[in-house]
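Working notes, structure below.
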Amino acid sequence: MTLPIQHPHRLARRFAQVALTAAVMTVGLNGPAQAQTAASAPAATPAGAPIFMTFLDDGISLDRVRELARPLVSPAQVQALREAGVSISVLPFSFKSGDCYIEVGTAVAPKPDRMQRISYANSWQVAERRPQETPAATCERAFVAALKTLADERNGYFSPDELKIAFDRTSDSAKPRFAPQRREKGVLNHMTQGLSDSGKQAIADTLSDRWTTVLDHRKFSVYAYLRDTKTIEGHPYCLMLTGITAYSPDGKNAYVPPNLKAQYRVPKAGEGSCVGGVFSDAMTLLRDGYEKDLPDLYKYGTEAGQTYPKLEDLQKAVAKFDADQAAKVKREAQRDAQRPAQRPVVQSTTTSRNVLRCRNDCVNGNCLRTFEDGRQERWQAPRRYNPMTSNWDWDTTTNACGG
């Protein structure tokens, strides 16, 4: 089913001396990494830039981040950041493999027990763990490489004009405004980066009714960031960051999801592109488990000036949807069991085998197959990632006749 899209632009909390709130992450090599709840306080010494960490990670400490940043951010840039009221945000993910992802950006530091808004400008790097290297050392290399790009004066990210935009986009509004709109069936909103139009459509196709039936697109959004590039060491990798966030007011970036998850994969030799795998795994995980993230979203990431359904009402709606779907599957299985078996059309060939022949009429992925005996079946073609075009295409040929 093709859905329309609207385009808007282990909870265990621990505290650090300099932190407002922090997070413990559970991370897998090729499985999901999950950081749960909020951000550390911005810190600035007389010679250092204001910095905060979106999540605290065992791979790198805030004190070490400040120390590493000191020679990379010039005094003029420090002053510009302070005058603009903008900080350097640091988002870390360290994986069981030892590899480490670091994203740095420009954003207003969050209020206590609130998430930061998505950075205006951001730079990211993945460092692969070297033999005998500590996890902290790996993350430090990734952080330095990412911050060098962000602070490079040729890029202008710390210029007054850019920092003003960063402040406007990532600060909270005293009077948030939400454009009036009607709720439409089958619609979802998303905040994406690194995805083509077909990739964005694949979000809707994957999340489908389990998302849109329960979640009002005027209040909730999908967060989906794809990183498909090379590590510092020059090896390709794929990373998919996903979560559920609140629909943001006009002119403001959405909040980073309190339960941000990461799917990370390094392709093996001869494996080809890893994009399809991390995308499918990440979106399926989000579709099948977003309701577990709603309590933290309501606690740390909802928007002032917006009304929301009661949390328990959403949880009941998810449970009802799942129960209805299970009942539907059971009815269809019972109906199929009672239906007389259809004899397949036999085509004489040099080998002895049964061959199903049919004609398919498809509109996007919605297909109607007609067999030689006149029997018809409706079916939904899956999407398959095409590494040659970097697009998600409808696969209307594989298993076209259901054989």
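Residues are named by chain letter and number: chains run A, B, ... in the order of the structure tokens, numbers start at 1 in each chain, and ligands are numbered from 1 in the order shown.
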DSSP-assigned strand (DSSP E or B) among segment 171-325 of chain A, expressed as a VMD selection string = chain A and resid 188 to 193 220 to 230 236 to 246 255 259 to 265
List as an mmCIF file with N, CA, C and O atoms, in the first residue's frame the protein and nucleic acid residues near Ala319 of chain A, meaning an atom at most 10 Å away when only C-alpha atoms are counted, but skip any in the same chain fewer than 6 places from it.
data_model
loop_
_atom_site.group_PDB
_atom_site.id
_atom_site.type_symbol
_atom_site.label_atom_id
_atom_site.label_comp_id
_atom_site.auth_asym_id
_atom_site.auth_seq_id
_atom_site.Cartn_x
_atom_site.Cartn_y
_atom_site.Cartn_z
ATOM 1 N N VAL A 214 -2.633 5.041 14.565
ATOM 2 C CA VAL A 214 -2.554 5.436 15.976
ATOM 3 C C VAL A 214 -2.060 6.869 16.142
ATOM 4 O O VAL A 214 -2.595 7.639 16.947
ATOM 5 N N GLU A 291 5.740 2.127 20.395
ATOM 6 C CA GLU A 291 4.922 2.379 21.575
ATOM 7 C C GLU A 291 5.741 2.291 22.866
ATOM 8 O O GLU A 291 5.386 2.920 23.871
ATOM 9 N N ASP A 313 -4.242 6.254 26.298
ATOM 10 C CA ASP A 313 -5.130 6.095 25.143
ATOM 11 C C ASP A 313 -4.351 5.625 23.915
ATOM 12 O O ASP A 313 -4.829 4.786 23.140
ATOM 13 N N GLN A 325 -5.319 -6.854 13.920
ATOM 14 C CA GLN A 325 -4.500 -7.447 12.860
ATOM 15 C C GLN A 325 -4.337 -8.939 13.071
ATOM 16 O O GLN A 325 -4.399 -9.721 12.107
#
message = Could you tell me how far atom CA of Leu241 of chain A sits from atom CA of Ser208 of chain A, in Å to one decimal place?
response = 18.8 Å
request  = For Asp393 of chain A, please output as a list in words all residues within 10 Å (counting only C-alpha atoms; exclusion window: fewer than 6 positions along the same chain).
outcome  = Ser198, Gly199, Ala202, Asn364, Gly365, Ala381, Pro382, Arg383, Arg384, Tyr385 and Asn386 of chain A
With N, CA and C atoms retained, export the selected residues as a PDB file, in the first residue's frame.
ATOM      1  N   SER A 198      12.423   8.187  -2.932  1.00  0.00           N
ATOM      2  CA  SER A 198      11.943   6.799  -2.852  1.00  0.00           C
ATOM      3  C   SER A 198      12.224   6.214  -1.470  1.00  0.00           C
ATOM      4  N   GLY A 199      13.322   6.629  -0.848  1.00  0.00           N
ATOM      5  CA  GLY A 199      13.604   6.186   0.506  1.00  0.00           C
ATOM      6  C   GLY A 199      12.604   6.727   1.504  1.00  0.00           C
ATOM      7  N   ALA A 202       9.541   4.818   1.187  1.00  0.00           N
ATOM      8  CA  ALA A 202       9.704   3.507   1.819  1.00  0.00           C
ATOM      9  C   ALA A 202       9.467   3.568   3.324  1.00  0.00           C
ATOM     10  N   ASN A 364       2.006   1.286  -8.998  1.00  0.00           N
ATOM     11  CA  ASN A 364       3.039   1.308  -7.963  1.00  0.00           C
ATOM     12  C   ASN A 364       3.194  -0.118  -7.448  1.00  0.00           C
ATOM     13  N   GLY A 365       2.950  -0.370  -6.189  1.00  0.00           N
ATOM     14  CA  GLY A 365       3.129  -1.719  -5.673  1.00  0.00           C
ATOM     15  C   GLY A 365       1.830  -2.475  -5.458  1.00  0.00           C
ATOM     16  N   ALA A 381       3.297  -5.787  -3.855  1.00  0.00           N
ATOM     17  CA  ALA A 381       4.691  -6.022  -4.219  1.00  0.00           C
ATOM     18  C   ALA A 381       5.613  -5.415  -3.160  1.00  0.00           C
ATOM     19  N   PRO A 382       6.684  -6.112  -2.805  1.00  0.00           N
ATOM     20  CA  PRO A 382       7.620  -5.546  -1.823  1.00  0.00           C
ATOM     21  C   PRO A 382       8.560  -4.557  -2.489  1.00  0.00           C
ATOM     22  N   ARG A 383       9.212  -3.762  -1.678  1.00  0.00           N
ATOM     23  CA  ARG A 383      10.266  -2.880  -2.192  1.00  0.00           C
ATOM     24  C   ARG A 383      11.628  -3.564  -2.042  1.00  0.00           C
ATOM     25  N   ARG A 384      12.438  -3.393  -3.045  1.00  0.00           N
ATOM     26  CA  ARG A 384      13.791  -3.926  -3.011  1.00  0.00           C
ATOM     27  C   ARG A 384      14.768  -2.806  -3.331  1.00  0.00           C
ATOM     28  N   TYR A 385      15.861  -2.777  -2.579  1.00  0.00           N
ATOM     29  CA  TYR A 385      16.857  -1.734  -2.806  1.00  0.00           C
ATOM     30  C   TYR A 385      17.675  -2.060  -4.049  1.00  0.00           C
ATOM     31  N   ASN A 386      17.784  -1.105  -4.954  1.00  0.00           N
ATOM     32  CA  ASN A 386      18.555  -1.255  -6.182  1.00  0.00           C
ATOM     33  C   ASN A 386      19.878  -0.521  -6.023  1.00  0.00           C
TER      34      ASN A 386
END
ask   = Please, which residues of segment 208-264 of chain A, numbered as in this document, come out helix (DSSP H, G or I) from DSSP, as an MDAnalysis selection string?
value = chainID A and resid 208:212
task = Skip Ser280 of chain A itself and residues of its chain fewer than 2 positions away, then list as an MDAnalysis selection string all residues within 12 Å of it, counting only C-alpha atoms.
result = chainID A and resid 31 199 202:203 205:207 224 226 238:240 242 263:264 274:278 282:287 382:385 392
For the residues in that selection, give me N, CA and C atoms as a short mmCIF file (atom, residue, chain, number, x, y, z; two decimals), in the first residue's frame.
data_model
loop_
_atom_site.label_atom_id
_atom_site.label_comp_id
_atom_site.auth_asym_id
_atom_site.auth_seq_id
_atom_site.Cartn_x
_atom_site.Cartn_y
_atom_site.Cartn_z
N GLY A 31 23.24 -4.78 15.54
CA GLY A 31 21.89 -4.62 16.06
C GLY A 31 21.67 -3.19 16.47
N GLY A 199 13.32 6.63 -0.85
CA GLY A 199 13.60 6.19 0.51
C GLY A 199 12.60 6.73 1.50
N ALA A 202 9.54 4.82 1.19
CA ALA A 202 9.70 3.51 1.82
C ALA A 202 9.47 3.57 3.32
N ILE A 203 9.69 4.74 3.92
CA ILE A 203 9.37 4.90 5.34
C ILE A 203 7.87 4.69 5.56
N ASP A 205 5.79 3.19 3.55
CA ASP A 205 5.40 1.82 3.20
C ASP A 205 5.70 0.84 4.33
N THR A 206 6.82 1.07 5.03
CA THR A 206 7.22 0.15 6.11
C THR A 206 6.42 0.39 7.38
N LEU A 207 6.31 1.65 7.79
CA LEU A 207 5.57 1.95 9.03
C LEU A 207 4.08 1.72 8.84
N ALA A 224 14.45 9.97 10.91
CA ALA A 224 15.17 8.95 10.13
C ALA A 224 16.36 9.59 9.44
N LEU A 226 20.00 8.76 7.61
CA LEU A 226 20.84 7.72 7.01
C LEU A 226 22.25 8.26 6.79
N CYS A 238 27.27 1.77 6.85
CA CYS A 238 25.91 2.29 6.82
C CYS A 238 25.41 2.43 8.25
N LEU A 239 24.78 3.56 8.53
CA LEU A 239 24.24 3.83 9.85
C LEU A 239 22.87 4.46 9.68
N MET A 240 21.89 3.94 10.41
CA MET A 240 20.54 4.48 10.36
C MET A 240 20.11 4.86 11.76
N THR A 242 17.09 6.28 14.04
CA THR A 242 15.64 6.38 13.96
C THR A 242 15.03 6.61 15.34
N GLN A 263 21.17 1.64 13.89
CA GLN A 263 21.52 0.39 13.23
C GLN A 263 22.82 0.65 12.46
N TYR A 264 23.83 -0.14 12.72
CA TYR A 264 25.16 0.10 12.15
C TYR A 264 25.67 -1.18 11.50
N CYS A 274 25.17 -1.80 1.87
CA CYS A 274 24.56 -2.18 3.14
C CYS A 274 23.34 -1.33 3.47
N VAL A 275 22.98 -0.41 2.58
CA VAL A 275 21.89 0.53 2.86
C VAL A 275 20.57 -0.20 3.08
N GLY A 276 20.23 -1.10 2.17
CA GLY A 276 18.95 -1.79 2.26
C GLY A 276 18.79 -2.54 3.57
N GLY A 277 19.86 -3.17 4.03
CA GLY A 277 19.80 -3.94 5.26
C GLY A 277 19.58 -3.08 6.49
N VAL A 278 20.35 -2.01 6.64
CA VAL A 278 20.18 -1.17 7.83
C VAL A 278 18.85 -0.43 7.79
N ALA A 282 16.11 -1.04 10.67
CA ALA A 282 15.80 0.11 11.51
C ALA A 282 14.32 0.46 11.46
N MET A 283 13.74 0.48 10.27
CA MET A 283 12.34 0.86 10.14
C MET A 283 11.40 -0.21 10.69
N THR A 284 11.76 -1.48 10.52
CA THR A 284 10.95 -2.55 11.10
C THR A 284 10.97 -2.47 12.62
N LEU A 285 12.14 -2.19 13.19
CA LEU A 285 12.25 -2.04 14.63
C LEU A 285 11.40 -0.87 15.13
N LEU A 286 11.42 0.23 14.38
CA LEU A 286 10.62 1.38 14.77
C LEU A 286 9.14 1.09 14.66
N ARG A 287 8.73 0.46 13.57
CA ARG A 287 7.32 0.14 13.37
C ARG A 287 6.79 -0.78 14.46
N PRO A 382 6.68 -6.11 -2.81
CA PRO A 382 7.62 -5.55 -1.82
C PRO A 382 8.56 -4.56 -2.49
N ARG A 383 9.21 -3.76 -1.68
CA ARG A 383 10.27 -2.88 -2.19
C ARG A 383 11.63 -3.56 -2.04
N ARG A 384 12.44 -3.39 -3.04
CA ARG A 384 13.79 -3.93 -3.01
C ARG A 384 14.77 -2.81 -3.33
N TYR A 385 15.86 -2.78 -2.58
CA TYR A 385 16.86 -1.73 -2.81
C TYR A 385 17.68 -2.06 -4.05
N TRP A 392 14.75 2.62 -4.04
CA TRP A 392 13.91 1.50 -3.63
C TRP A 392 12.84 1.30 -4.71
#
task = Quick one: everything within 10 Å of segment 125-133 of chain A, counting only C-alpha atoms, minus sequence neighbours fewer than 6 positions away in the same chain. Send it as a ChimeraX atom specification.
result = /A:92-95,97-104,139-147,149,227,229-237,239
task = Kindly give the distance, in Å, that separates atom CA of Asn253 of chain A and atom CA of Val90 of chain A, rounded to a single decimal.
result =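 That distance, rounded to one decimal, is 16.6 Å.
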Nearest candidate to Pro176 of chain A (options A:Ala400, A:Ile88, A:Cys367, A:Ala304; using only C-alpha atoms) =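 Smallest distance to Pro176 of chain A is found for A:Ala304.
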Sorted per-residue table, segment 159-260 of chain A near segment 297-302 of chain A, closest atoms and distance, 7 Å, only C-alpha atoms, as a Markdown table:
| residue | atom | partner | partner_atom | distance |
| --- | --- | --- | --- | --- |
| A:Thr245 | CA | A:Gly301 | CA | 6.8 |
| A:Ala246 | CA | A:Thr302 | CA | 5.6 |
| A:Tyr255 | CA | A:Gly301 | CA | 6.2 |
| A:Pro257 | CA | A:Gly301 | CA | 7.0 |
| A:Pro258 | CA | A:Leu297 | CA | 6.0 |
request  = Show which residues sit within 9 Å of Leu81 of chain A, as a PyMOL selection string. Count only C-alpha atoms, and ignore same-chain residues fewer than 5 positions away.
outcome  = chain A and resi 49-50+76+86-88+106+158-160+163
Filtering to N, CA and C atoms, could you give me those residues as a compact mmCIF listing (two decimals), in the first residue's frame?
# COMPACT_ATOMS: atom_id res chain seq x y z
N ALA A 49 34.92 26.50 24.40
CA ALA A 49 33.62 26.73 23.80
C ALA A 49 32.51 26.08 24.62
N PRO A 50 31.30 26.63 24.59
CA PRO A 50 30.17 25.97 25.27
C PRO A 50 29.83 24.67 24.56
N ALA A 76 37.96 33.47 18.63
CA ALA A 76 36.92 34.23 17.94
C ALA A 76 35.65 33.40 17.79
N VAL A 86 24.59 29.95 21.36
CA VAL A 86 24.60 28.63 20.73
C VAL A 86 25.75 27.81 21.28
N SER A 87 25.57 26.52 21.41
CA SER A 87 26.60 25.61 21.90
C SER A 87 26.96 24.58 20.82
N ILE A 88 28.03 23.87 21.08
CA ILE A 88 28.40 22.72 20.25
C ILE A 88 27.77 21.48 20.88
N THR A 106 25.63 22.50 15.82
CA THR A 106 25.36 23.77 16.50
C THR A 106 23.90 23.80 16.93
N PHE A 158 30.44 28.72 12.10
CA PHE A 158 30.47 29.54 13.31
C PHE A 158 30.42 31.03 12.99
N SER A 159 30.02 31.36 11.79
CA SER A 159 29.87 32.77 11.44
C SER A 159 28.63 33.33 12.14
N PRO A 160 28.59 34.65 12.39
CA PRO A 160 27.41 35.22 13.06
C PRO A 160 26.10 34.90 12.35
N LEU A 163 25.18 31.23 12.94
CA LEU A 163 24.83 30.98 14.33
C LEU A 163 23.48 31.60 14.69
query = So which one's closest to Gly305 of chain A, A:Asn189, A:Ser173, A:Gln79, A:Gln201? Using only C-alpha atoms, please.
reply =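 Distance minimum relative to Gly305 of chain A lands on A:Ser173.
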